[in-house]
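Enquirer: Structure file model_17.cif (mmCIF, C-alpha atoms) right here:
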data_protein
#
loop_
_atom_site.label_atom_id
_atom_site.label_comp_id
_atom_site.auth_asym_id
_atom_site.auth_seq_id
_atom_site.Cartn_x
_atom_site.Cartn_y
_atom_site.Cartn_z
CA MET A 144 21.76 121.13 -56.00
CA THR A 145 20.45 124.57 -55.05
CA GLN A 146 20.25 127.55 -57.38
CA ASP A 147 22.76 129.37 -55.18
CA ILE A 148 25.33 126.64 -55.78
CA ILE A 149 24.63 126.58 -59.52
CA ASP A 150 25.09 130.36 -59.66
CA LYS A 151 28.36 130.07 -57.75
CA LEU A 152 29.60 127.39 -60.16
CA TRP A 153 28.84 129.68 -63.10
CA LYS A 154 30.73 132.49 -61.38
CA TYR A 155 33.62 130.08 -60.90
CA ALA A 156 33.53 129.32 -64.63
CA ASP A 157 33.77 133.06 -65.38
CA LEU A 158 36.67 133.56 -62.96
CA LEU A 159 38.50 130.49 -64.21
CA GLY A 160 38.12 131.65 -67.81
CA GLU A 161 39.65 135.03 -66.91
CA ALA A 162 42.49 133.37 -64.99
CA ASN A 163 43.23 131.14 -67.99
CA LYS A 164 44.24 134.23 -69.93
CA SER A 165 47.25 134.78 -67.67
CA ALA A 166 48.11 131.18 -66.81
CA ARG A 167 46.96 127.92 -68.37
CA LEU A 168 45.00 126.47 -65.47
CA THR A 169 42.87 124.31 -67.74
CA GLY A 170 41.96 124.16 -71.44
CA PRO A 171 39.40 126.68 -72.71
CA SER A 172 38.74 130.24 -71.54
CA ASP A 173 35.03 130.65 -72.30
CA ALA A 174 32.73 130.07 -69.35
CA GLU A 175 30.16 127.97 -71.20
CA THR A 176 32.70 125.40 -72.37
CA LEU A 177 34.33 125.33 -68.95
CA PHE A 178 30.96 124.70 -67.29
CA ASN A 179 29.59 122.14 -69.76
CA GLU A 180 32.79 120.14 -70.10
CA HIS A 181 35.13 120.63 -67.14
CA ILE A 182 32.82 121.58 -64.27
CA ALA A 183 30.24 119.00 -65.37
CA ASP A 184 33.03 116.42 -65.46
CA ALA A 185 34.09 117.33 -61.91
CA LEU A 186 30.50 117.02 -60.73
CA ALA A 187 30.33 113.47 -62.11
CA GLY A 188 32.70 112.36 -59.34
CA LEU A 189 30.88 114.10 -56.52
CA PRO A 190 28.62 111.14 -55.57
CA TYR A 191 31.71 109.14 -54.60
CA LEU A 192 32.86 111.71 -52.00
CA PRO A 193 31.66 110.68 -48.52
CA GLU A 194 29.56 113.13 -46.50
CA GLY A 195 31.49 115.51 -44.28
CA CYS A 196 34.73 114.31 -45.78
CA SER A 197 38.10 116.03 -45.66
CA PHE A 198 39.84 115.44 -48.97
CA VAL A 199 42.94 116.40 -50.92
CA ASP A 200 42.92 117.19 -54.65
CA ILE A 201 46.30 116.34 -56.18
CA GLY A 202 47.37 118.40 -59.19
CA THR A 203 44.33 120.64 -58.83
CA GLY A 204 45.40 123.20 -61.45
CA GLY A 205 42.48 125.58 -61.64
CA GLY A 206 40.52 123.76 -58.93
CA LEU A 207 39.15 120.80 -60.88
CA PRO A 208 37.62 118.89 -59.29
CA GLY A 209 38.50 120.15 -55.79
CA LEU A 210 37.04 123.65 -55.85
CA VAL A 211 33.91 122.41 -57.64
CA TRP A 212 33.47 119.86 -54.85
CA CYS A 213 33.99 122.46 -52.11
CA ILE A 214 31.43 124.78 -53.72
CA SER A 215 28.91 121.99 -54.23
CA ARG A 216 29.40 120.29 -50.86
CA PRO A 217 29.88 122.87 -48.07
CA ASP A 218 29.96 119.99 -45.57
CA THR A 219 33.37 118.91 -46.93
CA ARG A 220 36.84 120.43 -46.53
CA GLY A 221 39.33 120.29 -49.36
CA VAL A 222 43.06 120.90 -49.69
CA LEU A 223 43.76 121.86 -53.31
CA LEU A 224 47.32 120.82 -54.00
CA ASP A 225 49.55 121.89 -56.89
CA SER A 226 53.30 122.33 -57.23
CA ILE A 227 53.09 125.42 -59.48
CA GLY A 228 52.98 128.63 -57.46
CA LYS A 229 51.30 130.80 -60.10
CA LYS A 230 48.38 128.36 -60.37
CA ILE A 231 47.90 128.27 -56.61
CA ALA A 232 48.07 132.07 -56.37
CA LEU A 233 45.33 132.44 -58.99
CA LEU A 234 43.27 129.65 -57.46
CA SER A 235 43.52 131.28 -54.02
CA GLY A 236 42.15 134.50 -55.49
CA ILE A 237 39.26 132.64 -57.12
CA ALA A 238 38.38 130.81 -53.89
CA ASP A 239 38.48 134.09 -51.94
CA GLU A 240 36.25 135.86 -54.45
CA LEU A 241 33.75 133.01 -54.26
CA GLY A 242 33.83 133.07 -50.46
CA CYS A 243 34.71 129.38 -50.45
CA LYS A 244 36.04 129.00 -46.90
CA ASN A 245 36.22 125.20 -46.96
CA ALA A 246 38.86 125.18 -49.73
CA THR A 247 42.57 125.55 -48.89
CA PRO A 248 44.92 125.92 -51.88
CA VAL A 249 48.46 124.73 -51.09
CA CYS A 250 51.59 124.97 -53.25
CA MET A 251 53.57 121.78 -52.65
CA ARG A 252 54.37 118.47 -54.29
CA SER A 253 52.19 115.65 -53.02
CA GLU A 254 55.20 113.61 -51.85
CA ASP A 255 56.39 116.47 -49.64
CA PHE A 256 52.89 117.31 -48.41
CA ALA A 257 52.30 113.69 -47.39
CA ARG A 258 55.25 113.73 -45.01
CA GLY A 259 53.48 116.24 -42.80
CA HIS A 260 49.91 115.01 -43.39
CA ARG A 261 50.25 111.26 -43.47
CA GLU A 262 46.92 109.43 -43.70
CA ALA A 263 45.14 112.60 -42.60
CA PHE A 264 42.31 112.63 -45.15
CA GLY A 265 39.12 110.71 -45.78
CA ALA A 266 39.65 110.83 -49.54
CA ALA A 267 42.09 111.85 -52.24
CA VAL A 268 41.24 112.72 -55.83
CA ALA A 269 43.16 113.36 -59.02
CA ARG A 270 41.91 114.40 -62.44
CA ALA A 271 44.00 114.17 -65.61
CA VAL A 272 47.28 113.89 -63.69
CA ALA A 273 49.15 110.62 -64.38
CA HIS A 274 49.02 106.85 -64.89
CA ALA A 275 46.90 105.01 -62.32
CA ARG A 276 49.88 103.38 -60.61
CA VAL A 277 51.55 106.79 -60.17
CA LEU A 278 48.33 108.35 -58.87
CA ALA A 279 47.89 105.54 -56.36
CA GLU A 280 51.37 106.13 -54.94
CA TYR A 281 50.66 109.87 -54.66
CA MET A 282 47.28 109.37 -53.01
CA SER A 283 47.60 106.35 -50.72
CA PRO A 284 49.98 107.92 -48.14
CA LEU A 285 47.51 110.79 -47.68
CA VAL A 286 44.35 108.73 -47.04
CA ALA A 287 43.39 107.14 -43.73
CA PRO A 288 42.43 103.44 -43.66
CA GLY A 289 38.75 103.18 -44.56
CA GLY A 290 39.00 106.18 -46.87
CA LEU A 291 38.78 106.37 -50.65
CA LEU A 292 41.05 107.16 -53.59
CA ILE A 293 39.20 108.61 -56.59
CA ALA A 294 40.69 109.06 -60.06
CA PHE A 295 39.19 110.53 -63.22
CA LYS A 296 40.39 108.51 -66.19
CA GLY A 297 39.61 107.91 -69.86
CA ALA A 298 37.11 105.44 -71.25
CA ASP A 299 39.48 102.46 -71.49
CA VAL A 300 41.42 102.00 -68.26
CA THR A 301 41.50 98.18 -68.16
CA GLN A 302 45.10 97.75 -69.33
CA GLU A 303 46.32 100.65 -67.21
CA LEU A 304 44.81 99.13 -64.07
CA TYR A 305 46.01 95.63 -64.91
CA ALA A 306 49.59 96.87 -65.36
CA ALA A 307 49.61 98.30 -61.84
CA GLN A 308 48.82 95.18 -59.82
CA PRO A 309 49.09 94.24 -56.94
CA TRP A 310 47.20 97.11 -55.32
CA GLU A 311 47.57 95.68 -51.81
CA ALA A 312 51.23 96.76 -52.00
CA LEU A 313 49.94 100.28 -51.31
CA GLY A 314 47.29 99.22 -48.78
CA LEU A 315 44.49 99.37 -51.35
CA SER A 316 41.56 97.24 -52.46
CA GLU A 317 41.07 96.19 -56.04
CA PRO A 318 39.71 99.21 -57.95
CA GLU A 319 36.08 99.64 -58.91
CA THR A 320 35.33 101.38 -62.21
CA TYR A 321 32.32 103.57 -63.01
CA PRO A 322 31.84 104.64 -66.64
CA TYR A 323 30.09 107.91 -67.44
CA SER A 324 29.85 110.44 -70.26
CA VAL A 325 30.18 114.23 -70.32
CA ALA A 326 29.91 116.44 -73.42
CA ASN A 327 29.74 113.32 -75.63
CA LYS A 328 33.00 111.98 -74.22
CA GLU A 329 33.22 108.60 -72.53
CA ARG A 330 35.10 108.63 -69.24
CA THR A 331 35.67 106.42 -66.19
CA ILE A 332 35.91 107.10 -62.48
CA VAL A 333 38.16 104.67 -60.63
CA VAL A 334 37.70 104.17 -56.88
CA TRP A 335 39.94 102.28 -54.46
CA GLU A 336 39.28 101.71 -50.77
CA LYS A 337 42.19 102.20 -48.39
CA THR A 338 42.08 98.85 -46.60
CA ARG A 339 45.15 99.20 -44.38
CA LYS A 340 48.02 101.56 -43.64
CA CYS A 341 50.30 102.47 -46.52
CA PRO A 342 53.81 100.99 -46.13
CA ALA A 343 56.22 103.46 -44.52
CA ARG A 344 58.51 103.55 -47.58
CA TYR A 345 55.84 105.55 -49.42
CA PRO A 346 55.88 108.31 -50.45
CA ARG A 347 59.29 108.13 -52.07
CA LYS A 348 61.31 111.14 -53.14
CA PRO A 349 59.63 113.54 -55.61
CA GLY A 350 59.85 112.13 -59.12
CA ASP A 351 60.53 108.50 -58.14
CA ALA A 352 56.92 107.43 -58.77
CA LEU A 353 57.22 108.52 -62.39
CA LYS A 354 60.78 107.26 -63.01
CA ASN A 355 60.43 103.93 -61.24
CA PRO A 356 56.74 102.95 -60.75
CA TRP A 357 56.14 100.71 -57.75
CA PRO A 358 54.93 97.52 -59.51
CA ARG A 359 58.40 97.11 -61.05
#
Represent the structure contained in this file as structure tokens.

Expert:
Amino acid sequence: MTQDIIDKLWKYADLLGEANKSARLTGPSDAETLFNEHIADALAGLPYLPEGCSFVDIGTGGGLPGLVWCISRPDTRGVLLDSIGKKIALLSGIADELGCKNATPVCMRSEDFARGHREAFGAAVARAVAHARVLAEYMSPLVAPGGLLIAFKGADVTQELYAAQPWEALGLSEPETYPYSVANKERTIVVWEKTRKCPARYPRKPGDALKNPWPR
């Protein structure tokens, strides 16, 4: 990673901290904590993003991990998706100030966005959004066969993943798990491959994935 990218990530931490004072985009407001905990966490998933990939970040909030990935990998293109307009407005301002042209913040629910962008991306990512089975239903309709679904989860995801079988119901492989640690916290990255087209009944109406998860 070049010094220019590192400097831009630190500037992002400053801007995100300022934005947190008017809307809770993510936890802390001081740049050092944001960089050492949240930005470093986002960077831990970067090796799993294919080169030259177009991706969608679901529930991006303040741009984690999506804007971090766009800054760090100018070869990629990211849609940063969130349903809260104030967050997207602030995130758009941050991306503009950083000159990050490969990031496109969009205010929309993932279920609605997927209807117009079905299987249009090489990858989808979500960080600290929902249970794995809910995330998979959000992400699978957006990813083309051969692409990847990437989720940031806690240290112990075994039971959560077991409860969501069978993954092939969404056109997915069995998940691979990759443990890592950031700021003395144990975490896991979960990666699925999109092995075939997602069934046409997905995505369902907004809210259905949470109220009636697909394995049931």

Enquirer: Skipping near chain neighbours, those fewer than 4 positions away, what residues fall within 10 Å of A:Leu177 using all atoms listed in the file, listed as a PDB file with C-alpha atoms, keeping the file's coordinate frame?

Expert:
ATOM      1  CA  TRP A 153      28.840 129.680 -63.100  1.00  0.00           C
ATOM      2  CA  TYR A 155      33.620 130.080 -60.900  1.00  0.00           C
ATOM      3  CA  ALA A 156      33.530 129.320 -64.630  1.00  0.00           C
ATOM      4  CA  ASP A 157      33.770 133.060 -65.380  1.00  0.00           C
ATOM      5  CA  LEU A 159      38.500 130.490 -64.210  1.00  0.00           C
ATOM      6  CA  GLY A 160      38.120 131.650 -67.810  1.00  0.00           C
ATOM      7  CA  THR A 169      42.870 124.310 -67.740  1.00  0.00           C
ATOM      8  CA  GLY A 170      41.960 124.160 -71.440  1.00  0.00           C
ATOM      9  CA  PRO A 171      39.400 126.680 -72.710  1.00  0.00           C
ATOM     10  CA  SER A 172      38.740 130.240 -71.540  1.00  0.00           C
ATOM     11  CA  ASP A 173      35.030 130.650 -72.300  1.00  0.00           C
ATOM     12  CA  HIS A 181      35.130 120.630 -67.140  1.00  0.00           C
ATOM     13  CA  ILE A 182      32.820 121.580 -64.270  1.00  0.00           C
ATOM     14  CA  ALA A 183      30.240 119.000 -65.370  1.00  0.00           C
ATOM     15  CA  ASP A 184      33.030 116.420 -65.460  1.00  0.00           C
TER      16      ASP A 184
END

Enquirer: Have a look at atom CA of A:Lys328 and atom CA of A:Met144 and let me know their distance in Å, one decimal.

Expert: 23.3 Å

Enquirer: What do you get, as a ChimeraX atom specification, if you spell out every residue that the PyMOL selection byres ((chain A and resi 237-239) around 12) selects here?

Expert: /A:151-152,154-163,168,205-206,209-211,213-214,221-223,230-236,240-248

Enquirer: Measure the distance from atom CA of A:Val286 to atom CA of A:Leu313 in Å and round it to one decimal.

Expert: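 Separation of atom CA of A:Val286 and atom CA of A:Leu313: 11.0 Å.
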
Enquirer: Can you turn the PyMOL selection byres ((chain A and resi 348) around 12) into a concrete residue list for this file, as an MDAnalysis selection string?

Expert: chainID A and resid 252:258 280:281 344:347 349:355

Enquirer: Between A:Leu304, A:Val249, A:Cys196, A:Ile332, single out the one closest to A:Gly265, counting only C-alpha atoms.

Expert: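 Of A:Leu304, A:Val249, A:Cys196, A:Ile332, the one nearest A:Gly265 is A:Cys196, counting only C-alpha atoms.
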
Enquirer: If we count only C-alpha atoms and set the cut-off at 9 Å, which residues sit around A:Cys341, ignoring sequence neighbours fewer than 6 positions away in its own chain? Please answer as a list in words.

Expert: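 So the residues in contact are Glu262, Ser283, Pro284, Leu285, Val286, Ala287, Pro288, Ala312, Leu313, Gly314 and Leu315 of chain A.
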
Enquirer: Could you give me, as JSON, numbers by chain, the residues that have an atom at most 9 Å away from the point (34.3, 113.0, -46.2) in the coordinates of the file, using only C-alpha atoms?

Expert: {"A": [192, 193, 194, 195, 196, 197, 198, 218, 219, 220, 264, 265, 266, 290]}
